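Next comes target.cif, a file with mmCIF, C-alpha atoms.
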data_data
#
loop_
_atom_site.label_atom_id
_atom_site.label_comp_id
_atom_site.auth_asym_id
_atom_site.auth_seq_id
_atom_site.Cartn_x
_atom_site.Cartn_y
_atom_site.Cartn_z
CA MET A 10 268.15 253.74 146.49
CA GLY A 11 265.25 253.59 144.04
CA PHE A 12 266.37 250.46 142.18
CA ASP A 13 264.19 247.66 140.88
CA LYS A 14 264.62 244.76 143.28
CA GLU A 15 262.78 242.46 140.88
CA ARG A 16 265.66 242.76 138.41
CA LEU A 17 268.54 241.93 140.70
CA LEU A 18 271.57 240.57 138.86
CA GLY A 19 274.06 238.04 140.12
CA ILE A 20 272.14 234.88 141.03
CA ASP A 21 273.83 231.47 140.77
CA LEU A 22 272.55 227.91 141.01
CA ILE A 23 275.14 225.84 142.88
CA GLU A 24 275.09 222.17 143.83
CA ALA A 25 274.59 221.52 147.52
CA ASP A 26 277.25 218.90 148.15
CA THR A 27 278.46 219.55 151.68
CA GLU A 28 276.86 218.65 155.00
CA GLU A 29 276.34 222.34 155.83
CA SER A 30 274.80 223.27 152.48
CA LEU A 31 272.52 220.23 152.45
CA LYS A 32 271.35 221.05 155.97
CA THR A 33 270.43 224.59 154.92
CA VAL A 34 268.58 223.32 151.84
CA GLU A 35 266.75 220.79 154.00
CA GLU A 36 265.60 223.55 156.36
CA ILE A 37 264.10 225.53 153.46
CA TYR A 38 262.57 222.33 152.06
CA MET A 39 260.96 221.36 155.37
CA GLU A 40 259.51 224.84 155.87
CA ALA A 41 258.19 225.28 152.33
CA PHE A 42 256.40 221.99 151.66
CA PRO A 43 253.68 220.19 153.64
CA ALA A 44 254.60 216.79 155.02
CA ILE A 45 252.29 214.95 152.61
CA GLU A 46 254.22 216.34 149.61
CA ARG A 47 257.75 215.75 150.92
CA LYS A 48 259.93 212.80 150.10
CA PRO A 49 262.43 211.71 152.75
CA PHE A 50 265.35 214.11 152.36
CA PRO A 51 267.96 211.32 152.70
CA LEU A 52 266.29 209.66 149.69
CA LEU A 53 266.90 212.81 147.65
CA VAL A 54 270.52 213.00 148.81
CA GLU A 55 271.07 209.36 147.93
CA ALA A 56 269.61 209.95 144.45
CA GLN A 57 272.00 212.87 144.03
CA THR A 58 274.96 210.57 144.68
CA ARG A 59 273.69 208.44 141.76
CA LYS A 60 273.45 211.57 139.55
CA ASP A 61 269.69 211.06 139.18
CA VAL A 62 268.87 214.15 141.23
CA GLU A 63 270.43 217.59 141.55
CA ILE A 64 270.04 219.49 144.81
CA LEU A 65 270.84 223.12 144.10
CA MET A 66 271.22 226.23 146.21
CA VAL A 67 270.05 229.57 144.87
CA LYS A 68 272.77 232.01 145.92
CA TRP A 69 274.07 235.47 145.29
CA SER A 70 276.72 235.45 142.61
CA LYS A 71 280.32 235.67 143.82
CA ASP A 72 282.03 235.97 140.45
CA GLY A 73 284.94 238.20 141.28
CA GLY A 74 282.80 241.32 141.35
CA ARG A 75 281.61 241.27 137.75
CA THR A 76 277.93 241.13 138.70
CA ALA A 77 277.87 240.95 142.50
CA ASN A 78 275.88 243.79 144.06
CA MET A 79 274.62 244.81 140.62
CA VAL A 80 271.04 245.77 139.81
CA CYS A 81 269.37 246.42 136.52
CA ARG A 82 267.24 249.55 136.35
CA ASN A 83 264.04 249.81 134.32
CA ASP A 84 265.87 251.60 131.50
CA GLY A 85 268.14 248.55 131.06
CA THR A 86 271.28 250.08 132.56
CA ALA A 87 273.21 248.27 135.29
CA GLU A 88 274.56 249.89 138.41
CA ARG A 89 276.68 248.62 141.28
CA ILE A 90 274.97 249.10 144.65
CA PRO A 91 277.04 249.44 147.84
CA GLU A 92 276.85 246.26 149.83
CA GLU A 93 275.42 247.98 152.91
CA SER A 94 272.54 249.40 150.85
CA LEU A 95 271.74 246.09 149.20
CA ARG A 96 271.92 244.42 152.58
CA ASP A 97 269.24 246.78 153.84
CA GLU A 98 267.01 245.90 150.90
CA VAL A 99 267.24 242.11 150.67
CA GLY A 100 268.99 240.77 153.75
CA LYS A 101 272.52 240.07 154.91
CA LEU A 102 274.14 239.54 151.55
CA HIS A 103 277.34 237.71 152.47
CA ASP A 104 276.36 235.95 155.66
CA THR A 105 277.23 232.24 155.34
CA LYS A 106 273.63 231.12 155.73
CA THR A 107 271.45 234.00 154.59
CA ASP A 108 273.11 234.32 151.19
CA ILE A 109 271.22 231.16 150.26
CA LEU A 110 268.07 232.53 148.66
CA GLY A 111 266.33 229.22 148.06
CA GLU A 112 266.52 225.65 146.88
CA ILE A 113 265.86 223.66 143.73
CA ILE A 114 265.62 219.89 143.51
CA LEU A 115 265.65 218.36 140.02
CA ALA A 116 265.04 214.77 138.99
CA GLY A 117 265.81 213.65 135.47
CA TYR A 118 265.37 210.68 133.18
CA GLY A 119 266.13 210.85 129.48
CA ASP A 120 265.50 214.39 128.28
CA VAL A 121 262.74 215.07 130.83
CA VAL A 122 263.71 217.09 133.91
CA LEU A 123 261.23 217.32 136.77
CA LEU A 124 261.46 220.44 138.90
CA ASP A 125 260.52 218.39 141.92
CA TYR A 126 260.86 221.11 144.55
CA PHE A 127 261.48 224.84 144.20
CA ALA A 128 261.27 227.30 147.07
CA ILE A 129 262.61 230.71 147.95
CA ALA A 130 263.66 231.14 151.59
CA PRO A 131 261.10 233.06 153.68
CA ALA A 132 263.30 236.15 154.11
CA PHE A 133 263.56 236.64 150.34
CA ARG A 134 260.02 235.96 149.14
CA GLY A 135 258.01 238.60 147.35
CA GLN A 136 261.05 240.32 145.83
CA GLY A 137 260.89 238.99 142.26
CA ILE A 138 263.72 236.52 142.79
CA GLY A 139 261.67 233.46 141.83
CA GLU A 140 261.07 234.67 138.28
CA LYS A 141 264.80 235.29 137.74
CA VAL A 142 265.66 231.88 139.13
CA LEU A 143 263.25 230.15 136.76
CA ALA A 144 264.72 232.02 133.80
CA LYS A 145 268.20 230.91 134.85
CA LEU A 146 267.02 227.34 135.37
CA GLN A 147 265.44 227.28 131.93
CA LYS A 148 268.82 228.20 130.41
CA ARG A 149 270.54 225.57 132.54
CA CYS A 150 268.13 222.94 131.21
CA LYS A 151 268.44 224.01 127.57
CA GLY A 152 267.81 221.04 125.31
CA LYS A 153 265.78 219.29 128.01
CA ARG A 154 262.04 219.26 128.63
CA LEU A 155 261.43 220.92 132.00
CA VAL A 156 258.25 219.98 133.83
CA LEU A 157 256.82 220.81 137.25
CA GLU A 158 253.73 220.20 139.35
CA ILE A 159 251.54 222.63 141.26
CA GLU A 160 248.68 221.86 143.62
CA SER A 161 245.47 221.63 141.61
CA THR A 162 243.35 224.76 141.22
CA LYS A 163 240.41 222.59 140.10
CA VAL A 164 239.50 221.19 143.51
CA GLU A 165 238.24 222.77 146.71
CA ALA A 166 241.07 223.64 149.08
CA ASP A 167 241.68 225.88 152.08
CA ASN A 168 244.63 227.45 150.25
CA LEU A 169 242.90 227.87 146.88
CA LYS A 170 243.81 231.55 146.69
CA GLN A 171 247.49 230.66 147.16
CA ARG A 172 247.22 227.92 144.53
CA LEU A 173 245.68 230.29 142.00
CA SER A 174 248.36 232.89 142.70
CA ARG A 175 251.07 230.27 142.18
CA LYS A 176 249.54 229.25 138.85
CA VAL A 177 249.44 232.89 137.71
CA PHE A 178 253.11 233.26 138.70
CA TYR A 179 254.21 230.28 136.61
CA GLY A 180 252.05 231.46 133.71
CA HIS A 181 253.75 234.85 133.90
CA CYS A 182 257.08 233.01 133.70
CA GLY A 183 256.04 231.40 130.42
CA MET A 184 254.77 228.03 131.58
CA ARG A 185 251.55 226.37 130.44
CA THR A 186 249.37 223.63 131.89
CA LEU A 187 249.34 220.24 130.18
CA ASP A 188 246.07 218.46 129.40
CA TYR A 189 246.24 216.01 132.28
CA SER A 190 246.37 216.17 136.06
CA VAL A 191 248.10 213.72 138.37
CA MET A 192 247.73 212.38 141.87
CA VAL A 193 251.13 212.62 143.58
CA MET A 194 251.32 210.82 146.93
CA GLY A 195 247.67 211.62 147.59
CA VAL A 196 247.68 215.24 146.37
CA GLU A 197 246.09 216.24 143.06
CA MET A 198 248.51 218.25 140.92
CA GLU A 199 248.49 220.09 137.60
CA VAL A 200 251.51 219.58 135.35
CA LEU A 201 253.22 222.55 133.66
CA THR A 202 255.99 222.95 131.10
CA PHE A 203 257.76 225.74 129.23
CA GLY A 204 255.70 225.13 126.10
CA CYS A 205 256.91 221.60 125.39
CA ASP A 206 254.85 218.41 125.43
CA VAL A 207 255.55 215.74 128.03
CA GLY A 208 253.20 212.77 127.99
CA PHE A 209 252.05 211.17 131.22
CA GLU A 210 254.12 208.02 130.63
CA GLU A 211 257.27 210.12 130.07
CA TYR A 212 256.54 212.15 133.20
CA HIS A 213 255.76 209.02 135.22
CA ALA A 214 258.97 207.37 134.05
CA VAL A 215 261.00 209.98 135.94
CA TYR A 216 259.44 208.85 139.22
CA ARG A 217 259.81 205.16 138.47
CA GLN A 218 263.41 205.37 137.30
CA VAL A 219 264.71 207.89 139.85
CA PHE A 220 262.74 207.01 143.00
CA GLY A 221 261.72 203.41 142.37
CA GLU A 222 258.41 201.61 142.28
CA GLU A 223 257.51 202.38 145.92
CA ILE A 224 257.06 206.06 145.03
CA GLY A 225 256.28 205.44 141.36
CA THR A 226 253.13 203.52 142.26
CA GLN A 227 251.89 206.59 144.17
CA ILE A 228 251.76 208.63 140.93
CA ARG A 229 248.54 208.27 138.97
CA ARG A 230 246.86 210.12 136.15
CA VAL A 231 243.56 211.80 137.03
CA SER A 232 240.52 211.97 134.76
CA GLY A 233 237.60 213.80 136.28
CA ASN A 234 237.14 212.26 139.72
CA GLU A 235 238.81 209.00 138.71
CA GLU A 236 242.43 207.88 138.98
CA TYR A 237 244.10 205.41 136.69
#

How would this structure read if it were set down as structure tokens?
Amino acid sequence: MGFDKERLLGIDLIEADTEESLKTVEEIYMEAFPAIERKPFPLLVEAQTRKDVEILMVKWSKDGGRTANMVCRNDGTAERIPEESLRDEVGKLHDTKTDILGEIILAGYGDVVLLDYFAIAPAFRGQGIGEKVLAKLQKRCKGKRLVLEIESTKVEADNLKQRLSRKVFYGHCGMRTLDYSVMVMGVEMEVLTFGCDVGFEEYHAVYRQVFGEEIGTQIRRVSGNEEY
């Protein structure tokens, strides 16, 4: 069709609040993150019931046809694409399970929102969807300070190339690295924001308040090769 897949319109962020939707999010979560970086999923669900965490699905928009199946061309014009053509390009659009493009898990305390986990489902990676989702999330969190962690690019690692690529991606999306690194459950991380300042104590408070001291004590600031 010759359209720009990276500028797909019609993406929604919807709370996962049913057993089926939470199961699908959990599957993406388990595939995307190594065991050492994952929190117990029931802990995240429990925190959502307290309104301390939001577990969101990234889905195709179903807004009565206003933007569904729409793409934005490079000249800025929008065009409706037949469902069968879009399905060929980016998967089975309206299938109950495969219309979930990814997952977002947010934890918040005060005006700081931690993008704790963000992953696009394997079938939809490499299509420019992640950048659009982050832009939508930034609007959703307007008035809040959004912060996230990425695996450190400053240490030796088997997946260093992947880490560097991830950092470039977030930089392209408008995020910058803060002046401190952290150790999160044994993994060194860099901390990024959309241009705002979030001190370590403010960042750490999200973990302590949302997940309790058991996890909070596993978060430490890193200076050189030392933790404190």

Picked residues, the PyMOL selection byres ((chain A and resi 155) around 6), expected as a ChimeraX atom specification: /A:122-123,154,156,202

Counting only C-alpha atoms, what is within 10 Å of Leu173 in chain A, bar same-chain residues fewer than 3 positions away, as an mmCIF file with C-alpha atoms, in the frame of the given file?
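Below is the file that was written, selection35.cif:
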data_model
loop_
_atom_site.group_PDB
_atom_site.id
_atom_site.type_symbol
_atom_site.label_atom_id
_atom_site.label_comp_id
_atom_site.auth_asym_id
_atom_site.auth_seq_id
_atom_site.Cartn_x
_atom_site.Cartn_y
_atom_site.Cartn_z
ATOM 1 C CA ILE A 159 251.540 222.630 141.260
ATOM 2 C CA GLU A 160 248.680 221.860 143.620
ATOM 3 C CA SER A 161 245.470 221.630 141.610
ATOM 4 C CA THR A 162 243.350 224.760 141.220
ATOM 5 C CA LYS A 163 240.410 222.590 140.100
ATOM 6 C CA ASN A 168 244.630 227.450 150.250
ATOM 7 C CA LEU A 169 242.900 227.870 146.880
ATOM 8 C CA LYS A 170 243.810 231.550 146.690
ATOM 9 C CA LYS A 176 249.540 229.250 138.850
ATOM 10 C CA VAL A 177 249.440 232.890 137.710
ATOM 11 C CA PHE A 178 253.110 233.260 138.700
#

May I have the residues within 12 Å of Ile138 in chain A as a PDB file with C-alpha atoms, in the frame of the given file, using all atoms listed in the file and disregarding those fewer than 2 positions away in the same chain?
ATOM      1  CA  ASP A  13     264.190 247.660 140.880  1.00  0.00           C
ATOM      2  CA  LYS A  14     264.620 244.760 143.280  1.00  0.00           C
ATOM      3  CA  GLU A  15     262.780 242.460 140.880  1.00  0.00           C
ATOM      4  CA  ARG A  16     265.660 242.760 138.410  1.00  0.00           C
ATOM      5  CA  LEU A  17     268.540 241.930 140.700  1.00  0.00           C
ATOM      6  CA  LEU A  18     271.570 240.570 138.860  1.00  0.00           C
ATOM      7  CA  GLY A  19     274.060 238.040 140.120  1.00  0.00           C
ATOM      8  CA  ILE A  20     272.140 234.880 141.030  1.00  0.00           C
ATOM      9  CA  ASP A  21     273.830 231.470 140.770  1.00  0.00           C
ATOM     10  CA  VAL A  67     270.050 229.570 144.870  1.00  0.00           C
ATOM     11  CA  LYS A  68     272.770 232.010 145.920  1.00  0.00           C
ATOM     12  CA  TRP A  69     274.070 235.470 145.290  1.00  0.00           C
ATOM     13  CA  VAL A  99     267.240 242.110 150.670  1.00  0.00           C
ATOM     14  CA  ILE A 109     271.220 231.160 150.260  1.00  0.00           C
ATOM     15  CA  LEU A 110     268.070 232.530 148.660  1.00  0.00           C
ATOM     16  CA  GLY A 111     266.330 229.220 148.060  1.00  0.00           C
ATOM     17  CA  GLU A 112     266.520 225.650 146.880  1.00  0.00           C
ATOM     18  CA  PHE A 127     261.480 224.840 144.200  1.00  0.00           C
ATOM     19  CA  ALA A 128     261.270 227.300 147.070  1.00  0.00           C
ATOM     20  CA  ILE A 129     262.610 230.710 147.950  1.00  0.00           C
ATOM     21  CA  ALA A 130     263.660 231.140 151.590  1.00  0.00           C
ATOM     22  CA  PRO A 131     261.100 233.060 153.680  1.00  0.00           C
ATOM     23  CA  ALA A 132     263.300 236.150 154.110  1.00  0.00           C
ATOM     24  CA  PHE A 133     263.560 236.640 150.340  1.00  0.00           C
ATOM     25  CA  ARG A 134     260.020 235.960 149.140  1.00  0.00           C
ATOM     26  CA  GLY A 135     258.010 238.600 147.350  1.00  0.00           C
ATOM     27  CA  GLN A 136     261.050 240.320 145.830  1.00  0.00           C
ATOM     28  CA  GLU A 140     261.070 234.670 138.280  1.00  0.00           C
ATOM     29  CA  LYS A 141     264.800 235.290 137.740  1.00  0.00           C
ATOM     30  CA  VAL A 142     265.660 231.880 139.130  1.00  0.00           C
ATOM     31  CA  LEU A 143     263.250 230.150 136.760  1.00  0.00           C
ATOM     32  CA  ALA A 144     264.720 232.020 133.800  1.00  0.00           C
ATOM     33  CA  LYS A 145     268.200 230.910 134.850  1.00  0.00           C
ATOM     34  CA  PHE A 178     253.110 233.260 138.700  1.00  0.00           C
ATOM     35  CA  CYS A 182     257.080 233.010 133.700  1.00  0.00           C
TER      36      CYS A 182
END

Mind checking which residues fall within 10 Å of Phe220 in chain A, counting only C-alpha atoms, ignoring those fewer than 4 positions away in the same chain, and posting them as a PyMOL selection string?
-> chain A and resi 48+52-53+55-56+61-62+116+214-216+224-225

Exercise for review: Report as number ranges by chain the residues that result from applying the PyMOL selection byres ((chain A and resi 45) around 10) to the structure here.
Suggested key: A: 42-44, 46-48, 193-196

Preceding selection exported with C-alpha atoms as a tab-separated table (two decimals), keeping the file's coordinate frame:
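Result written to again.tsv:
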chain	number	residue	atom	x	y	z
A	42	PHE	CA	256.40	221.99	151.66
A	43	PRO	CA	253.68	220.19	153.64
A	44	ALA	CA	254.60	216.79	155.02
A	46	GLU	CA	254.22	216.34	149.61
A	47	ARG	CA	257.75	215.75	150.92
A	48	LYS	CA	259.93	212.80	150.10
A	193	VAL	CA	251.13	212.62	143.58
A	194	MET	CA	251.32	210.82	146.93
A	195	GLY	CA	247.67	211.62	147.59
A	196	VAL	CA	247.68	215.24	146.37

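With only C-alpha atoms as the atoms that count, the residue of A:Glu35, A:Asp125, A:Asp167, A:Glu158 with the shortest distance to Leu187 in chain A is A:Glu158.
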
Open item on the list: Please expand the PyMOL selection byres ((chain A and resi 205) around 12) into the concrete residues it hits in this file, giving the result as a PyMOL selection string.
Closed with: chain A and resi 120-122+151-157+183-188+200-204+206-208

Export C-alpha atoms of the chosen residues as a PDB file, in the frame of the given file?
ATOM      1  CA  ASP A 120     265.500 214.390 128.280  1.00  0.00           C
ATOM      2  CA  VAL A 121     262.740 215.070 130.830  1.00  0.00           C
ATOM      3  CA  VAL A 122     263.710 217.090 133.910  1.00  0.00           C
ATOM      4  CA  LYS A 151     268.440 224.010 127.570  1.00  0.00           C
ATOM      5  CA  GLY A 152     267.810 221.040 125.310  1.00  0.00           C
ATOM      6  CA  LYS A 153     265.780 219.290 128.010  1.00  0.00           C
ATOM      7  CA  ARG A 154     262.040 219.260 128.630  1.00  0.00           C
ATOM      8  CA  LEU A 155     261.430 220.920 132.000  1.00  0.00           C
ATOM      9  CA  VAL A 156     258.250 219.980 133.830  1.00  0.00           C
ATOM     10  CA  LEU A 157     256.820 220.810 137.250  1.00  0.00           C
ATOM     11  CA  GLY A 183     256.040 231.400 130.420  1.00  0.00           C
ATOM     12  CA  MET A 184     254.770 228.030 131.580  1.00  0.00           C
ATOM     13  CA  ARG A 185     251.550 226.370 130.440  1.00  0.00           C
ATOM     14  CA  THR A 186     249.370 223.630 131.890  1.00  0.00           C
ATOM     15  CA  LEU A 187     249.340 220.240 130.180  1.00  0.00           C
ATOM     16  CA  ASP A 188     246.070 218.460 129.400  1.00  0.00           C
ATOM     17  CA  VAL A 200     251.510 219.580 135.350  1.00  0.00           C
ATOM     18  CA  LEU A 201     253.220 222.550 133.660  1.00  0.00           C
ATOM     19  CA  THR A 202     255.990 222.950 131.100  1.00  0.00           C
ATOM     20  CA  PHE A 203     257.760 225.740 129.230  1.00  0.00           C
ATOM     21  CA  GLY A 204     255.700 225.130 126.100  1.00  0.00           C
ATOM     22  CA  ASP A 206     254.850 218.410 125.430  1.00  0.00           C
ATOM     23  CA  VAL A 207     255.550 215.740 128.030  1.00  0.00           C
ATOM     24  CA  GLY A 208     253.200 212.770 127.990  1.00  0.00           C
TER      25      GLY A 208
END
